[in-house]
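Here the structure comes first, spelled out in structure tokens, and everything after it is commentary.
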Amino acid sequence: MKIFTIFFMAHVKLHIPGPVEVSEKTLQAFRSPMIGHRGQGFKDLYAKIQPQLQQLLYTKRLVYLSTSSAWGVMEGAIRNLVSKKVLCCMCGAFSDKWLDVAQRCGKQAEALKVEWGSPIRAEQIDAKLATGQFDALTLIHNETSTGVMSPLNDIAQLKKKYPDVMFIIDAVSSMTATRIPFDELGIDVLLAGTQKGFALPPGLTVFTCSPAALKKAETMKDRGYYFDFVEFQKNAEGSMTPSTPSIGHVYALSSKMDDIFAEGLEPRFLRHGTLAQLTRKWAEKHGFSLFPEHGFESITLTCVNNGAKPGGRVIDVAKLQKLVKDRGFLIDGGYGKIKGTTFRVSNMGDETEASMQNLYAAMDEAMKQL
């Protein structure tokens with residue numbers, strides 16, 4: 001008989017762009033006993049969460065739950081809503097991926113591409129949509145690869161000018177951290193995975209659709225089944241999902257929604273902005289500049305410049321990561337073509353000023369050894 005010994009490493013606290021740290025309370029909810037997903041117990045659970053999600057997104061629309069990463073719903077949006085051509089707004093590694101996804105779905109797609117570190121601006125989209133070629137656009141509100149937050153409110157104003165264009169918005173790393181009033185903005189799809197701002201384990205996506213998006217989806221004969229928006233709407237009307245959901249995620253989401261409203265939406269939004277400012281000040285104190293264009297910095301993570309563009313200090317990022325990890329924290333060493341020439345520090349989810357100060361202290365000590 002073989003004897004297996006399992007060694008558990010000391011926990012390293014996550015301050016990467018996602019997944020982020022998950023609280024013990026949330027994990028306990030995630031481990032709730034299973035129930036039938038077609039039974040009244042699940043319906044009651046979903047029905048309890050529904051008005052909370054609607055309040056979070058400032059919408060009267062039903063909010064759907066998809067057992068998938070956000071990319072599942074992102075691809076689904078392409079299949080449900082693009083019949084002519086999609087404009088892919090690209091300002092970093094993840095928004096750049098939209099073009100590839102659209103083309104793999106067999107759709108005509110065109111890039112609106114800006115330099116990494118810059119936001120997508122409304123006037124750039126306006127110039128493209130004015131051609132009349134497009135019936136949809138994709139936009140990542142908060143691009144985690146570059147730490148850039150594009151001006152969604154300004155961009156959404158274009159919906160009044162182009163009512164037949166489907167506005168598909170990825171809020172994966174901004175939802176729950178800032179006000180995104182779905183109905184008021186008039187956009188068509190708003191989605192987020194739960195492993196970032198919600199501070200849940202990966203594997204669940206929250207999203208909602210406009211009446212126009214559902215009407216458009218009904219006309220698409222090749223929209224598939226698993227991510228069929230019409231099926232999501234029909235099932236949500238009965239507090240159910242089209243297919244078997246991850247019930248543990250739904251329990252965890254219910255627990256998290258209680259936390260969010262116990263804190264209050266406005267205090268939560270303010271907390272994220274305050275923590276982002278503290279991280280920027282930490283970077284400035286150590287002689288670094290920031291990678292994003294001024295005025296468009298993310299409020300959920302900070303992308304610190306480390307030679308990707310002129311100005312500011314340059315260090316050995318890999319060494320910094322190791323030194324910080326030795327002290328119990330994981331930060332990110334940059335992504336894609338700016339890996340090593342930037343590094344990223346997350347403040348999203350459940351972080352507080354006290355928890356961030358613990359991280360800054362560890363980073364301060366690490367900096368002394370570079």
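By convention in this document, the chains of the structure tokens carry letters A, B, ... by their order, each chain's residues are numbered from 1, and ligands are numbered from 1 in the order they are shown.
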Mind checking DSSP for segment 274-321 of chain A and telling me the alpha helix (DSSP H) residues as an MDAnalysis selection string? chainID A and resid 274:285 317:321
For the residues in the current selection, export N, CA, C and O atoms as a PDB file, in the first residue's frame.
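Final file, out03.pdb:
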```pdb
ATOM      1  N   THR A 274     -10.314  54.926  -4.344  1.00  0.00           N
ATOM      2  CA  THR A 274      -9.336  55.327  -3.336  1.00  0.00           C
ATOM      3  C   THR A 274      -8.132  54.398  -3.330  1.00  0.00           C
ATOM      4  O   THR A 274      -6.974  54.840  -3.261  1.00  0.00           O
ATOM      5  N   LEU A 275      -8.381  53.092  -3.404  1.00  0.00           N
ATOM      6  CA  LEU A 275      -7.288  52.119  -3.383  1.00  0.00           C
ATOM      7  C   LEU A 275      -6.419  52.229  -4.628  1.00  0.00           C
ATOM      8  O   LEU A 275      -5.196  52.067  -4.565  1.00  0.00           O
ATOM      9  N   ALA A 276      -7.044  52.506  -5.764  1.00  0.00           N
ATOM     10  CA  ALA A 276      -6.259  52.697  -6.987  1.00  0.00           C
ATOM     11  C   ALA A 276      -5.339  53.905  -6.848  1.00  0.00           C
ATOM     12  O   ALA A 276      -4.168  53.863  -7.261  1.00  0.00           O
ATOM     13  N   GLN A 277      -5.859  54.965  -6.246  1.00  0.00           N
ATOM     14  CA  GLN A 277      -5.039  56.167  -6.029  1.00  0.00           C
ATOM     15  C   GLN A 277      -3.856  55.860  -5.111  1.00  0.00           C
ATOM     16  O   GLN A 277      -2.742  56.344  -5.332  1.00  0.00           O
ATOM     17  N   LEU A 278      -4.077  55.047  -4.085  1.00  0.00           N
ATOM     18  CA  LEU A 278      -2.996  54.684  -3.171  1.00  0.00           C
ATOM     19  C   LEU A 278      -1.891  53.923  -3.897  1.00  0.00           C
ATOM     20  O   LEU A 278      -0.703  54.137  -3.648  1.00  0.00           O
ATOM     21  N   THR A 279      -2.284  53.029  -4.805  1.00  0.00           N
ATOM     22  CA  THR A 279      -1.281  52.266  -5.548  1.00  0.00           C
ATOM     23  C   THR A 279      -0.500  53.171  -6.489  1.00  0.00           C
ATOM     24  O   THR A 279       0.716  53.031  -6.641  1.00  0.00           O
ATOM     25  N   ARG A 280      -1.197  54.110  -7.114  1.00  0.00           N
ATOM     26  CA  ARG A 280      -0.497  55.066  -7.985  1.00  0.00           C
ATOM     27  C   ARG A 280       0.508  55.894  -7.180  1.00  0.00           C
ATOM     28  O   ARG A 280       1.622  56.171  -7.649  1.00  0.00           O
ATOM     29  N   LYS A 281       0.111  56.269  -5.972  1.00  0.00           N
ATOM     30  CA  LYS A 281       1.023  57.034  -5.110  1.00  0.00           C
ATOM     31  C   LYS A 281       2.230  56.197  -4.701  1.00  0.00           C
ATOM     32  O   LYS A 281       3.345  56.707  -4.601  1.00  0.00           O
ATOM     33  N   TRP A 282       2.004  54.894  -4.470  1.00  0.00           N
ATOM     34  CA  TRP A 282       3.124  54.004  -4.156  1.00  0.00           C
ATOM     35  C   TRP A 282       4.120  53.999  -5.321  1.00  0.00           C
ATOM     36  O   TRP A 282       5.331  54.101  -5.127  1.00  0.00           O
ATOM     37  N   ALA A 283       3.595  53.873  -6.537  1.00  0.00           N
ATOM     38  CA  ALA A 283       4.452  53.848  -7.722  1.00  0.00           C
ATOM     39  C   ALA A 283       5.232  55.158  -7.858  1.00  0.00           C
ATOM     40  O   ALA A 283       6.444  55.158  -8.120  1.00  0.00           O
ATOM     41  N   GLU A 284       4.553  56.270  -7.659  1.00  0.00           N
ATOM     42  CA  GLU A 284       5.197  57.571  -7.763  1.00  0.00           C
ATOM     43  C   GLU A 284       6.290  57.727  -6.696  1.00  0.00           C
ATOM     44  O   GLU A 284       7.378  58.241  -6.975  1.00  0.00           O
ATOM     45  N   LYS A 285       6.015  57.256  -5.498  1.00  0.00           N
ATOM     46  CA  LYS A 285       6.986  57.351  -4.404  1.00  0.00           C
ATOM     47  C   LYS A 285       8.287  56.632  -4.746  1.00  0.00           C
ATOM     48  O   LYS A 285       9.375  57.065  -4.352  1.00  0.00           O
ATOM     49  N   VAL A 317      11.668  43.250 -13.041  1.00  0.00           N
ATOM     50  CA  VAL A 317      10.313  42.922 -12.592  1.00  0.00           C
ATOM     51  C   VAL A 317      10.227  41.505 -12.047  1.00  0.00           C
ATOM     52  O   VAL A 317       9.575  41.261 -11.027  1.00  0.00           O
ATOM     53  N   ALA A 318      10.867  40.561 -12.712  1.00  0.00           N
ATOM     54  CA  ALA A 318      10.820  39.175 -12.251  1.00  0.00           C
ATOM     55  C   ALA A 318      11.386  39.050 -10.834  1.00  0.00           C
ATOM     56  O   ALA A 318      10.854  38.313  -9.994  1.00  0.00           O
ATOM     57  N   LYS A 319      12.446  39.801 -10.575  1.00  0.00           N
ATOM     58  CA  LYS A 319      13.045  39.766  -9.237  1.00  0.00           C
ATOM     59  C   LYS A 319      12.097  40.398  -8.220  1.00  0.00           C
ATOM     60  O   LYS A 319      11.935  39.883  -7.100  1.00  0.00           O
ATOM     61  N   LEU A 320      11.470  41.503  -8.595  1.00  0.00           N
ATOM     62  CA  LEU A 320      10.492  42.130  -7.702  1.00  0.00           C
ATOM     63  C   LEU A 320       9.361  41.159  -7.383  1.00  0.00           C
ATOM     64  O   LEU A 320       8.977  41.003  -6.210  1.00  0.00           O
ATOM     65  N   GLN A 321       8.844  40.499  -8.409  1.00  0.00           N
ATOM     66  CA  GLN A 321       7.780  39.529  -8.186  1.00  0.00           C
ATOM     67  C   GLN A 321       8.197  38.454  -7.184  1.00  0.00           C
ATOM     68  O   GLN A 321       7.437  38.113  -6.275  1.00  0.00           O
TER      69      GLN A 321
END
```
Per residue of segment 20-77 of chain A within 9 Å of segment 183-200 of chain A, record the nearest atom pair and its distance in Å to one decimal, counting only C-alpha atoms, with rows in chain order and ascending residue number, as JSON lines.
```
{"residue": "A:Val20", "atom": "CA", "partner": "A:Lys196", "partner_atom": "CA", "distance": 5.8}
{"residue": "A:Glu21", "atom": "CA", "partner": "A:Ala199", "partner_atom": "CA", "distance": 6.3}
{"residue": "A:Val22", "atom": "CA", "partner": "A:Ala199", "partner_atom": "CA", "distance": 5.4}
{"residue": "A:Ser23", "atom": "CA", "partner": "A:Ala199", "partner_atom": "CA", "distance": 7.7}
{"residue": "A:Thr26", "atom": "CA", "partner": "A:Leu200", "partner_atom": "CA", "distance": 7.1}
{"residue": "A:Leu27", "atom": "CA", "partner": "A:Leu200", "partner_atom": "CA", "distance": 8.2}
{"residue": "A:Phe30", "atom": "CA", "partner": "A:Leu200", "partner_atom": "CA", "distance": 8.8}
{"residue": "A:Leu57", "atom": "CA", "partner": "A:Asp183", "partner_atom": "CA", "distance": 8.3}
{"residue": "A:Tyr58", "atom": "CA", "partner": "A:Asp183", "partner_atom": "CA", "distance": 6.6}
{"residue": "A:Thr59", "atom": "CA", "partner": "A:Asp183", "partner_atom": "CA", "distance": 5.2}
{"residue": "A:Lys60", "atom": "CA", "partner": "A:Asp183", "partner_atom": "CA", "distance": 7.4}
{"residue": "A:Arg61", "atom": "CA", "partner": "A:Asp183", "partner_atom": "CA", "distance": 8.1}
{"residue": "A:Ser68", "atom": "CA", "partner": "A:Gly193", "partner_atom": "CA", "distance": 8.2}
{"residue": "A:Ser69", "atom": "CA", "partner": "A:Gly193", "partner_atom": "CA", "distance": 6.0}
{"residue": "A:Ala70", "atom": "CA", "partner": "A:Gly193", "partner_atom": "CA", "distance": 4.8}
{"residue": "A:Trp71", "atom": "CA", "partner": "A:Gly193", "partner_atom": "CA", "distance": 8.5}
{"residue": "A:Val73", "atom": "CA", "partner": "A:Leu191", "partner_atom": "CA", "distance": 7.5}
{"residue": "A:Met74", "atom": "CA", "partner": "A:Leu191", "partner_atom": "CA", "distance": 7.9}
{"residue": "A:Ala77", "atom": "CA", "partner": "A:Val189", "partner_atom": "CA", "distance": 7.7}
```
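Among A:Lys13, A:Arg344, A:Lys216, A:His141, the residue with the shortest atom-to-atom distance to Ile169 of chain A, counting only C-alpha atoms, is A:His141.
For segment 218-223 of chain A, the non-local neighbours within 6 Å, defined as residues at least 3 positions apart in the same chain or in other chains and counting only C-alpha atoms, are Arg79, Asn80 and Lys215 of chain A.
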Val250 of chain A environment, 9 Å, only C-alpha atoms, sequence neighbours closer than 4 positions dropped, as a PyMOL selection string: chain A and resi 29-30+42+45-46+49+65+204+245-246+254-255
Got time to write the residues from that selection, all heavy atoms, as a JSON list (two decimals), in the first residue's frame?
```json
[["chain", "number", "residue", "atom", "x", "y", "z"],
["A", 29, "ALA", "N", -19.78, 29.67, 1.24],
["A", 29, "ALA", "CA", -21.02, 29.66, 0.47],
["A", 29, "ALA", "C", -20.88, 28.79, -0.78],
["A", 29, "ALA", "O", -21.80, 28.06, -1.15],
["A", 29, "ALA", "CB", -21.41, 31.09, 0.08],
["A", 30, "PHE", "N", -19.71, 28.85, -1.40],
["A", 30, "PHE", "CA", -19.43, 28.04, -2.60],
["A", 30, "PHE", "C", -19.54, 26.55, -2.29],
["A", 30, "PHE", "O", -19.91, 25.75, -3.16],
["A", 30, "PHE", "CB", -18.02, 28.38, -3.10],
["A", 30, "PHE", "CG", -17.69, 27.83, -4.45],
["A", 30, "PHE", "CD1", -18.06, 28.51, -5.60],
["A", 30, "PHE", "CD2", -16.99, 26.64, -4.60],
["A", 30, "PHE", "CE1", -17.75, 28.02, -6.86],
["A", 30, "PHE", "CE2", -16.68, 26.14, -5.85],
["A", 30, "PHE", "CZ", -17.06, 26.84, -6.98],
["A", 42, "PHE", "N", -33.54, 26.07, -6.16],
["A", 42, "PHE", "CA", -32.70, 26.86, -7.05],
["A", 42, "PHE", "C", -33.45, 28.08, -7.56],
["A", 42, "PHE", "O", -32.88, 29.18, -7.65],
["A", 42, "PHE", "CB", -32.19, 26.03, -8.23],
["A", 42, "PHE", "CG", -31.29, 26.82, -9.15],
["A", 42, "PHE", "CD1", -29.95, 27.00, -8.82],
["A", 42, "PHE", "CD2", -31.77, 27.43, -10.30],
["A", 42, "PHE", "CE1", -29.11, 27.76, -9.64],
["A", 42, "PHE", "CE2", -30.94, 28.18, -11.12],
["A", 42, "PHE", "CZ", -29.61, 28.33, -10.78],
["A", 45, "LEU", "N", -33.31, 30.67, -5.00],
["A", 45, "LEU", "CA", -31.96, 31.25, -4.90],
["A", 45, "LEU", "C", -31.75, 32.28, -6.00],
["A", 45, "LEU", "O", -31.28, 33.41, -5.74],
["A", 45, "LEU", "CB", -30.93, 30.13, -5.00],
["A", 45, "LEU", "CG", -29.45, 30.53, -4.95],
["A", 45, "LEU", "CD1", -29.11, 31.20, -3.62],
["A", 45, "LEU", "CD2", -28.56, 29.31, -5.19],
["A", 46, "TYR", "N", -32.08, 31.93, -7.23],
["A", 46, "TYR", "CA", -31.93, 32.85, -8.36],
["A", 46, "TYR", "C", -32.85, 34.05, -8.19],
["A", 46, "TYR", "O", -32.46, 35.21, -8.44],
["A", 46, "TYR", "CB", -32.23, 32.10, -9.65],
["A", 46, "TYR", "CG", -31.78, 32.75, -10.94],
["A", 46, "TYR", "CD1", -31.79, 32.03, -12.14],
["A", 46, "TYR", "CD2", -31.33, 34.07, -11.00],
["A", 46, "TYR", "CE1", -31.39, 32.60, -13.34],
["A", 46, "TYR", "CE2", -30.92, 34.65, -12.19],
["A", 46, "TYR", "CZ", -30.97, 33.92, -13.36],
["A", 46, "TYR", "OH", -30.56, 34.49, -14.54],
["A", 49, "ILE", "N", -31.38, 36.60, -5.89],
["A", 49, "ILE", "CA", -30.25, 37.34, -6.45],
["A", 49, "ILE", "C", -30.69, 38.34, -7.52],
["A", 49, "ILE", "O", -30.10, 39.41, -7.68],
["A", 49, "ILE", "CB", -29.22, 36.37, -7.06],
["A", 49, "ILE", "CG1", -28.67, 35.43, -6.00],
["A", 49, "ILE", "CG2", -28.06, 37.12, -7.70],
["A", 49, "ILE", "CD1", -27.82, 34.30, -6.58],
["A", 65, "LEU", "N", -27.26, 34.31, -15.74],
["A", 65, "LEU", "CA", -26.10, 33.62, -15.18],
["A", 65, "LEU", "C", -25.65, 32.53, -16.14],
["A", 65, "LEU", "O", -26.44, 31.65, -16.49],
["A", 65, "LEU", "CB", -26.44, 33.00, -13.82],
["A", 65, "LEU", "CG", -27.00, 33.95, -12.76],
["A", 65, "LEU", "CD1", -27.32, 33.17, -11.48],
["A", 65, "LEU", "CD2", -26.02, 35.08, -12.46],
["A", 204, "LEU", "N", -18.11, 31.62, -13.73],
["A", 204, "LEU", "CA", -19.47, 32.12, -13.86],
["A", 204, "LEU", "C", -19.43, 33.49, -14.51],
["A", 204, "LEU", "O", -18.55, 34.30, -14.21],
["A", 204, "LEU", "CB", -20.15, 32.23, -12.49],
["A", 204, "LEU", "CG", -21.62, 32.66, -12.50],
["A", 204, "LEU", "CD1", -22.52, 31.55, -13.06],
["A", 204, "LEU", "CD2", -22.08, 33.03, -11.08],
["A", 245, "PRO", "N", -26.39, 24.80, -14.27],
["A", 245, "PRO", "CA", -25.44, 25.82, -13.82],
["A", 245, "PRO", "C", -24.48, 25.26, -12.78],
["A", 245, "PRO", "O", -24.71, 24.18, -12.22],
["A", 245, "PRO", "CB", -26.35, 26.87, -13.18],
["A", 245, "PRO", "CG", -27.45, 26.03, -12.57],
["A", 245, "PRO", "CD", -27.66, 24.87, -13.53],
["A", 246, "SER", "N", -23.43, 26.01, -12.51],
["A", 246, "SER", "CA", -22.57, 25.71, -11.37],
["A", 246, "SER", "C", -23.27, 26.25, -10.13],
["A", 246, "SER", "O", -23.23, 27.45, -9.85],
["A", 246, "SER", "CB", -21.19, 26.36, -11.53],
["A", 246, "SER", "OG", -20.44, 26.22, -10.34],
["A", 254, "SER", "N", -24.72, 34.75, -4.35],
["A", 254, "SER", "CA", -25.73, 35.23, -3.42],
["A", 254, "SER", "C", -25.09, 35.81, -2.16],
["A", 254, "SER", "O", -25.46, 36.90, -1.69],
["A", 254, "SER", "CB", -26.67, 34.08, -3.04],
["A", 254, "SER", "OG", -27.62, 34.50, -2.08],
["A", 255, "SER", "N", -24.10, 35.10, -1.64],
["A", 255, "SER", "CA", -23.38, 35.59, -0.47],
["A", 255, "SER", "C", -22.68, 36.91, -0.77],
["A", 255, "SER", "O", -22.72, 37.86, 0.03],
["A", 255, "SER", "CB", -22.36, 34.54, -0.02],
["A", 255, "SER", "OG", -21.55, 35.02, 1.02]]
```
Pick out the residues sitting within 6 Å of segment 108-121 of chain A, and hand them over as a PyMOL selection string; count only C-alpha atoms, and ignore anything fewer than 6 positions along from it in its own chain. chain A and resi 85-92+146+150+291-293
